[in-house]
Structure formats: structure tokens, C-alpha cells
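Report on the structure given below.
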Amino acid sequence: MNRLLSYFLPIALLSMLLHPDGVFAEGQKVDDFEYIPDPIETGDVIVKVIDRFGNYEYEAIPEAEYTQLKALESTNPYRISPFPRIEFVQKEYIRYVDPFQSNNPPLSWGPDRIGSSVLANSISGSNEIIVAVVDSGVDYNHPFLKNRMVRGYDFVSNDSDPMDVHGHGTHVSGIVVDSTSDNVKIMPIRVLDGQGRGSDLNISKGIRYAVDHGAHVINMSLGGPGPSPMMKEAIEYAVNKGVQVVVAAGNNKADTKHYYPASDEKAIVVAATNQNDQPAYFSNFGTSIDIAAPGESINSSIIGGGYGVQSGTSMAAPFVSGVTALLLSVNSEASKEDIEDLLFMYTDDKWQTGRDIYYGEGIINITNYVTSTEPLSVISPNAYSQQAEKVELKVILENAVGKTLYVKIGGQQLAQRKVTQNGFQALTVPFDKIESGNYTMEVGIDNGQIHKQIPITITNHTNQFSIKDTGGSSDTSFEIIIYGIKDGEVVNENLHPTATPLYHSGSIGDTAVIDGMDVNELKEKLDYIVAVAKSANRDTPLYVRELVTNGNHMFEPTTIQKIAFENKLSASNPNAMYKNNIQLSFKGTLLPKTLLFMTPNSEQLVMYVERGNHLVNFFSEDFFYSEFTGNEKELNLAVTEQNTFEYNFISNSDGVGADGFMAGDYAYLRLYMSLDPFIEVGDQALEQGSNTFRIKKGDYRALLSHYVKDKRELVVFRDINEQTALRNSVFNYGGTIKGEFLINYLADGLSGKILYKDGFGNTLYTNSGYYDYLGYAMEQGEFQPAFDTEVWSRVTLTDEYGEQWQTTVQGDNDFTFSPAVPDGKYTLSFNYENDIYPVQNAVATVLVENRQFVKDDYFHFESKIDIPVDKVWTVTVNREFKPEEVVKAVVKKGTTVHDTWIEQKNEAKQLLIHPLTPYEYGEHYVIEIQLYNGKKYRMRFNTVTK
């Protein structure tokens with residue numbers, strides 16, 4: 001038995017401070033367009049165990065045990081608090097690491113980019129600075145690390161041997177060592193197990209251990225979804241003791257607000273960048289991001305004495321931890337706040353001027369760290385940074401008050417400012433009138449009396465793309481497609497929904513260049529600019545990456561899904577081919593279909609795609625198979641008899657009133673997943689007669705198009721699934737087509753649906769616009785209609801004088817008329833013309849009142865006009881209403897009930913109408929009275945105009 005429960009079970013009179021009901025409820029719903037994994041729970045809860053003196057410690061206990069303790073507390077009539085007592089803190093979550101293995105290892109580029117080696121080489125004999133690596137432990141025998149170690153602890157095994165059996169902590173520690181001087185030591189704190197996972201309790205214990213044993217900096221390259229009040233308290237403990245806590249932002253391409261400790265306000269949260277100074281495509285973003293550092297293809301130590309390349313914000317955080325240790329080495333008396341100010345000052349500001357959600361304050365860069373007083377010291381930019389459109393110049397000035405700070409390129413002055421104070425200065429320098437290329441930028445004071453020359457690369461309105469296959473080799477034949485996303489929809493630059501790309505380019509050699517596309521300008525109108533990179537090489541992944549800034553974009557196979565598909569249907573022709581396409585998902589938005597490969601039925605298809613919850617489709621002459629990939633790293637799929645149902649599509653009519661299936665005719669099948677909106681799975685031309693398919697189990701809409709030569713096309717659909725196939729697995733069509741209207745009497749507006757069915761109960765599409773919505777396909781970057789069609793799609797209202805109002809059929813055979821249609825009785829008609837089958841067109845008589853269709857089963861009183869908006873008024877009716885016979889009596893505007901009291905006046909045939917709140921001026925209202933005998937009465941009135 002747990003020691004906590006043993007304290008309480010013998011006690012009959014007890015009381016405890018417990019968390020309110022609902023503590024075990026699910027977490028809050030996150031934005032639909034982001035993929036946020038569920039928190040990993042251990043099944044335990046974290047509690048504070050508090051003694052009579054107020055001292056406490058944390059303990060994890062099973063959830064069932066906590067519930068039992070709570071039940072004991074609820075039966076205590078005296079409310080006496082025993083000691084120890086417990087307080088609920090949180091569910092216990094698992095945090096983890098998620099580094100990505102990289103191919104084609106480069107030399108370590110991170111220390112050069114951030115300039116740490118310059119400062120590290122200048123430090124000698126400094127005081128010892130300890131960086132605690134709270135992680136999976138460290139291989140302290142590694143030759144690169146063993147002389148930099150101090151004693152640590154293992155909270156997984158609860159001993160003093162923090163040997164790394166996973167490898168993550170060793171790689172992180174190597175980055176700290178690689179970017180610092182010999183006085184910086186590593187304290188290994190093992191809180192993650194051999195799978196790279198660890199509990200909030202152990203992580204919190206590790207933080208407190210590091211603080212209590214002399215750590216100056218704590219690096220936490222770990223995290224996960226879900227809050228952790230206990231870990232937050234531990235981080236606050238460290239910060240209040242003056243310890244810098246550096247954490248990784250996470251690798252989910254999502255907002256840090258969903259993750260902890262990446263959302264902690266007191267920690268330094270680090271995003272990752274690549275060698276082109278672009279945000280790493282996997283890096284999380286958000287308002288909690290403080291700073292950025294190299295995080296793609298970082299070479300460092302691995303367990304066993306070797307070296308390897310990994311990518312992740314886990315690799316970015318230790319660069320910042322290392323720089324923090326260097327700054328502490330040369331500023332031993334500086335406060336925690338002073339060190340943070342230095343960190344944020346020594347950055348290359350990117351994208352937006354000042355702090356932003358991708359880079360925070362910018363990319364850490366201490367190349368030009370000022371160790372001595374000079375009249376002009378340039379902090380940023382330096383030769384390693386690329387610039388687009390503008391640069392944020394950062395300098396430190398001495399004895400410059402009253403002088404002019406200027407910036408020139410090729411003799412052209414780009415910016416200047418009168419100096420009003422010495423010290424740190426920032427000046428935005430525009431490059432919008434400078435062509436892309438390599439330049440020398442002159443920064444000076446008083447027309448060159450003091451100046452510095454800085455080599456820079458400018459990439460104005462130029463975006464260059466290169467991609468690599470799964471082996472790390474450059475692909476020389478690929479295409480780039482650019483899409484814009486706004487409010488979860490693919491849109492054009494004018495924010496209209498579309499499937500047409502914003503830009504499209506093929507590669508020339510191993511690069512593709514798009515000139516004239518200004519990513520920064522597009523981001524002012526769009527939520528996301530997304531690049532899709534597609535190659536005919538099956539070993540090259542299909543990439544989908546967000547573009548944040550202009551510049552050079554390198555796509556490497558780091559966060560990749562491997563998808564294998566196999567046709568295991570015994571009846572399939574082994575020599576036939578199956579096709580596949582994919583709808584890539586970006587933050588919940590499905591992009592237009594990308595056609596991929598054709599594969600013989602006898603062969604397994606292996607393809608690589610950017611990790612995400614994409615929809616991948618496989619289809620052939622005898623099957624349709626679709627699957628959402630679920631963000632899995634590896635997916636093995638197969639179409640079998642067991643995971644499909646059979647359906648037979650007949651590609652000719654039943655012969656009733658039809659010409660049959662002749663030369664020049666065609667029949668075409670399109671299958672859609674029944675989602676909102678419908679998503680196309682695949683398509684297949686049908687042979688004359690029987691066409692049998694195996695379809696993966698699920699709900700679908702089957703759309704069949706039959707075109708008879710020299711006649712119009714017929715398009716019908718049927719909703720099918722495994723259950724409907726058991727009742728009838730044959731899709732026949734034809735016979736007499738009958739139309740009817742389904743009127744929406746509950747809607748605020750004049751709307752309804754047109755329903756035309758053939759002799760087999762299939763529904764016809766009567767809307768030509770629906771093909772735009774449902775039947776288009778992406779091919780080679782161009783948007784092509786799936787088929788041509790001629791459909792009359794106007795619904796008509798005709799009054800008794802022959803005046804007409806028309807509207808078009810939209811969406812799924814829906815229609816809506818203008819609210820300008822006057823009240824009255826109308827003939828509602830739709831003339832569907834089809835010369836393949838006989839047609840009985842839809843006609844109905846409808847009543848329009850107060851801008852909506854109403855059922856004509858009311859007794860109508862004479863309408864009134866110019867009714868006051870806020871006064872009691874009287875209406876005379878043709879009968880007396882007794883209170884006991886009235887079900888309801890209401891005043892309505894459209895479908896909204898108005899706050900009104902209706903009173904019978906002295907048993908006469910008059911009603912008193914009391915508006916409890918004023919009506920609106922110049923509006924239409926109705927009085928509705930319903931009796932228990934089923935009779936209903938209605939009277940329309942208009943209020944006075946203002």
C-alpha cells in the first residue's frame with residue numbers, strides 16, 4: 001500500500017484540501033487547423049504532501065487511490081484536517097524528446113553561425129560555470145565530454161549514475177561543449193528513460209537538484225502537450241535563485257501555447273533555424289518564443305564515443321545555453337536580468353522588426369561581442385547572415401552624441417540617424433531598392449571618419465528552392481507549387497477560395513527560382529504561404545513547408561513519413577496498374593490533390609511524404625482505397641478483401657426510354673469520402689456493363705456520369721457504405737426522372753433543396769456549379785474541369801401576375817432566393833431538361849411571408865401596417881381565443897421570437913399586443929397562435945418607419 005493511503009485509512013475523522021470535481025476531465029480543445037498530440041498520462045496524479053509545519057514534498061499516486069482518499073474526505077462530518085494532508089497539483093504527464101536523424105552529415109556549422117567560438121577562444125582562467133543538462137543523462141566517458149563533467153544524478157533509477165542509454169542528452173551536451181570554453185562544465189541530470197520519456201515529477205526533481213547543487217544554467221530540450229503546475233513551480237524556484245532556464249520550443253510546427261515548458265514565461269524559449277537563416281520547418285512558434293538558434297543538421301557527440309547529426313529545437317536550445325554560460329564567464333557579477341538583456345541584444349533580427357513569433361528577438365549571434373571600448377562596434381549583421389528587404393542594424397557607440405550614424409551600399413546612403421545618446425543603438429536599414437546579390441555595407445559616423453565594412457548577401461523578392469532525396473543527395477528534377485491559406489481555406493492573393501497555386505516553377509538543375517514573389521508582403525494578407533515540392537523520383541519525399549521569409553529554401557528529409565502500399569486482392573490483374581494521389585494537409589487544411597505514381601498491381605509502392613495527417617488515395621480498375629496518414633512516421637497499408645466491401649456499377653441504363661450504351665458514349669465514376677466538404681478519393685472510366693470494385697470500408701458518395709453521344713450528360717449520385725452494400729450492392733440508373741422540392745420552413749430566408757431522383761432512387765445533380773466544387777482535379781499544376789456538362793440550374797418563383805424571381809442552384813442541390821421577394825403566393829418551379837430519360841419536373845405552390853417560406857396551413861388575419869414600436873396596440877380578429885385552448889401565442893421576426901405579451905380583451909374578438917421590448921423600425925413581424933386542436937392562426941404586421 002502507498003504510504004499516503006496508509007496515513008488516512010485508519011482515520012475516521014479526517015479532512016483534506018482537494019482539487020474540485022472535474023480534475024480528471026479532458027484538456028481544452030485546440031485550434032482545428034493544428035495537429036496537437038494528446039498529452040501522455042501515466043495514470044498517476046501529482047499531490048503535495050504537507051506536514052503540520054507547512055513543509056511539503058511532491059508525490060505521484062495512482063488516480064484510483066486519490067479518488068479513494070477523496071471519498072474518505074467527503075464522509076468526514078467534523079472537517080478536522082489531519083497531517084500530513086494532501087493538495088491536488090496536476091495529472092502526471094510524460095515529457096519527451098523528438099530529435100530527427102539527418103542525412104549527409106556536414107561539419108558543425110552552429111558555433112560559426114552564432115559566433116560562440118570567437119568568444120570561447122578569448123576566455124582563459126575564468127570561473128567555473130555549470131550547465132545542467134536535464135535530459136536522458138550523458139555518456140560521461142565520451143572523449144569529447146569526459147573532461148567537462150561534474151557530478152549529477154539519475155532520477156529514473158534513483159542513483160548517482162546518470163549514464164545515457166538513449167543518446168539525446170549526450171548529443172545536447174556535445175553542443176554545449178562545442179560552443180563554449182573549458183571553464184564551462186556539464187552537470188548530467190537523467191530524467192528521461194531509454195525511450196526518451198520522463199515524468200513531470202522526475203523532471204521537476206531534476207530542476208531543483210540542479211539549482212541546489214550549483215548549476216548556473218539549466219538546459220531542458222524536452223517537452224510535451226499539457227500544463228504542469230509542478231514543473232512551473234520548479235522553474236520559478238530556479239529563476240528566483242538566479243539560474244537561467246533554457247528550454248526547447250518543440251518540433252510540432254504548432255503554437256507553443258499548447259506545450260510545456262515551451263509556453264513558460266520565465267524560461268528562455270528557443271526556436272530552431274536552418275543554414276539559410278530560415279525558421280526550421282519543424283520548429284514550434286508563438287508569443288513565448290524568446291530567441292532562435294541553429295537546429296537543423298547539427299553534428300555532435302553520440303553515445304559510444306562517436307558523432308552524429310540530428311535536427312530539432314533540442315539542438316537549438318543548447319547553443320543558447322552555451323552562449324549564456326560564456327556571457328556569465330565574462331560577466332561574473334551580472335544579474336540574471338543583465339544576462340538576458342545581453343542575449344536578446346546580441347541577435348540578428350529577422351522577419352519582422354523587433355520580437356516576432358518565429359525568431360523571438362532574433363538569431364543568437366555573439367560574433368562581434370564587445371569586450372573593449374571602441375567608438376563604433378557593430379553587433380549585427382555579420383558576414384554569416386542573409387538579408388531580405390531590410391536589416392536591423394545593431395551597434396554600440398562611444399563619444400558619438402551629436403554625430404550622425406549612417407549606412408551606405410556602393411556610395412548610396414540607405415539610412416541615417418542623429419545620435420542622441422551613447423551605448424546600444426538599433427537602426428532599420430531598407431534594402432527594397434537594392435537588387436539581390438553580394439555587397440559590402442558601410443556603417444559609419446560623421447561621413448566616414450569612423451566606419452566599418454560588412455559583407456552581406458541580399459535576397460530581395462527572390463526565392464530559391466533546392467531539395468534532397470532520402471539519401472541526402474540533391475534532386476535535379478522537381479517542381480515547386482506555392483499555395484496561400486486564409487482562415488483554413490486555400491485562396492488566391494485576393495483571398496478568394498481557389499485551388500489554383502499562387503506561383504509555380506520547375507527546377508533548372510538542382511534549383512528552382514521564383515522571382516517576384518514577396519513572401520513578406522503575402523504574409524500581410526494570408527495566414528500561411530505553403531510550398532509543395534514534388535519530384536518524379538520516388539526516393540525524393542513530397543515536401544510541404546511553410547515559407548516565412550524570402551530567401552534560399554533547402555528541403556531536407558528530416559520529418560518524413562514512409563508510406564508503403566500493397567494490393568492484396570486475389571482477383572486483381574497482376575499486370576494492370578493502380579494510381580495514387582495525395583491531398584497534403586497543412587495545419588488542418590487539405591491542399592489540392594497532387595498526382596503521384598502509377599504502379600503495377602503486383603508491386604508494392606513505397607513513397608515518402610512530409611509528416612502530417614494527409615489523405616492518401618489508391619485506386620485502379622477494381623478497387624478504391626483511402627487513408628489519413630495520422631502523422632505517423634511509418635505507415636504500412638494494404639487493400640484486402642477483409643478491409644473492403646464490394647460494389648457493382650452498371651455503366652449502361654436499364655433501357656427504359658434510353659438510347660443504351662453506344663459508340664461515342666462514356667460512363668465515369670468518381671468516389672468521394674462523405675466528409676464536410678466531400679473529398680474525392682479517385683476516379684475511373686467504366687466499361688460497358690458490370691464494373692465491380694472493392695472499396696475500403698467507410699462512408700462514400702458515388703457520383704456516376706453518363707454521356708450519350710449528341711445528347712446531354714446525366715450525373716447521378718448514391719451514398720454507399722458497407723451496410724448499404726449488404727442490402728443492394730448494384731448501382732443501376734435510369735428510368736423516369738421525377739423532381740420535387742424540399743422547402744426549408746425553419747430557415748431565416750427563402751431556401752430549400754431540389755431533389756431529382758431516377759427510377760432506381762439515385763439523386764441527380766442539378767447544379768452545374770457543383771462540379772466546380774466537387775469535380776475538379778489538379779494535374780501538372782493546372783486546374784482542369786473533371787468533365788464538361790450542360791445543366792439548367794435556375795429555380796423560379798412566379799406570382800399570379802406572371803412576375804418572376806430566379807436564383808441558381810448551389811452546393812448540394814441547394815437554392816436561396818433574395819430577401820427582396822415580396823410576400824404572397826407563388827408557383828415554385830425548376831425545369832430540368834434531359835433528352836436521355838423522361839422527366840417529370842418539380843413544381844410546387846409556396847407562400848412567402850416575412851422573407852421566409854411558410855406552410856399554408858394557417859388561418860390568416862388581415863395584415864397591419866405602421867404599427868408603433870413601443871406602444872400597446874389592438875387587433876380585431878374573427879373569433880374569440882380562450883386561454884385553455886391556446887398552446888402558444890407569439891410574435892416573431894423571421895424565426896426569432898420577440899419579447900411580447902398577447903392578451904385577450906374582455907372575451908371580445910380583440911387582442912391586446914404588449915411589446916415588452918421595442919420592435920425595430922420598418923420591419924416585418926408576424927403574430928402566430930396555435931391551438932391544442934391543431935389549428936393555427938397568423939397575422940403579419942409592419943412597424944412604422946423611423
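Chain lettering (A, B, ...) mirrors the order of the C-alpha cells, residue numbering begins at 1 for each chain separately, and ligand numbering begins at 1 in order of display.
Every protein, DNA or RNA residue with an atom at most 12 Å from A:Val606, where only C-alpha atoms count and chain neighbours fewer than 3 positions away do not, is listed here: Asn537, Arg538, Asp539, Thr540, Pro541, Gln561, Lys562, Ile563, Ala564, Phe565, Glu566, Asn580, Leu596, Phe597, Met598, Thr599, Glu603, Val609, Glu634, Leu635, Asn636, Leu637 and Ala638 of chain A.
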* Got a sec: who's within 10 Å of A:Pro162, counting only C-alpha atoms, leaving out chain neighbours fewer than 2 positions off, as a PyMOL selection string? -> chain A and resi 135-140+151-160+164-165+187-191
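Note that the spacing between atom CA of A:Asp178 and atom CA of A:Val330 amounts to 17.8 Å.
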Report task. Would you mind listing what lies within 7 Å of stretch 245-252 of chain A as a ChimeraX atom specification, with only C-alpha atoms counted and same-chain residues fewer than 3 positions away left out? Result -> /A:217-223,256,261-262,267-271,282-284,312-314,317,321
One decimal place gives the atom CA of A:Gln930-atom CA of A:Ala889 separation as 6.5 Å
Here atom CA of A:Trp351 and atom CA of A:Thr287 stand apart by 14.6 Å
**Item:** From A:Tyr837, A:Tyr483, A:Tyr209, A:Tyr937, residue lying nearest A:Tyr858 [only C-alpha atoms]
**Value:**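 That would be A:Tyr937, the residue with the smallest distance to A:Tyr858.
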* Find the spatial neighbours of A:Lys738, counting only C-alpha atoms, within a cut-off of 10 Å - ignore same-chain residues fewer than 3 positions away - and output them as a ChimeraX atom specification. => /A:735,755-759,761,763-764,832,838-842
Practice problem: Pick out the closest residue to A:Ser474 from this set: A:Met554, A:Ile379, A:Val848, A:Met607. Count only C-alpha atoms. | Solution: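 Checking each of A:Met554, A:Ile379, A:Val848, A:Met607 against A:Ser474, counting only C-alpha atoms, the winner is A:Met554.
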Check the DSSP output for the backbone and give back, as JSON, numbers by chain, the residues of stretch 171-356 of chain A in alpha helix (DSSP H).
-> {"A": [171, 172, 173, 174, 175, 176, 177, 178, 200, 201, 202, 203, 204, 205, 206, 207, 208, 209, 210, 211, 212, 229, 230, 231, 232, 233, 234, 235, 236, 237, 238, 239, 240, 313, 314, 315, 316, 317, 318, 319, 320, 321, 322, 323, 324, 325, 326, 327, 328, 329, 330, 336, 337, 338, 339, 340, 341, 342, 343, 344, 345]}
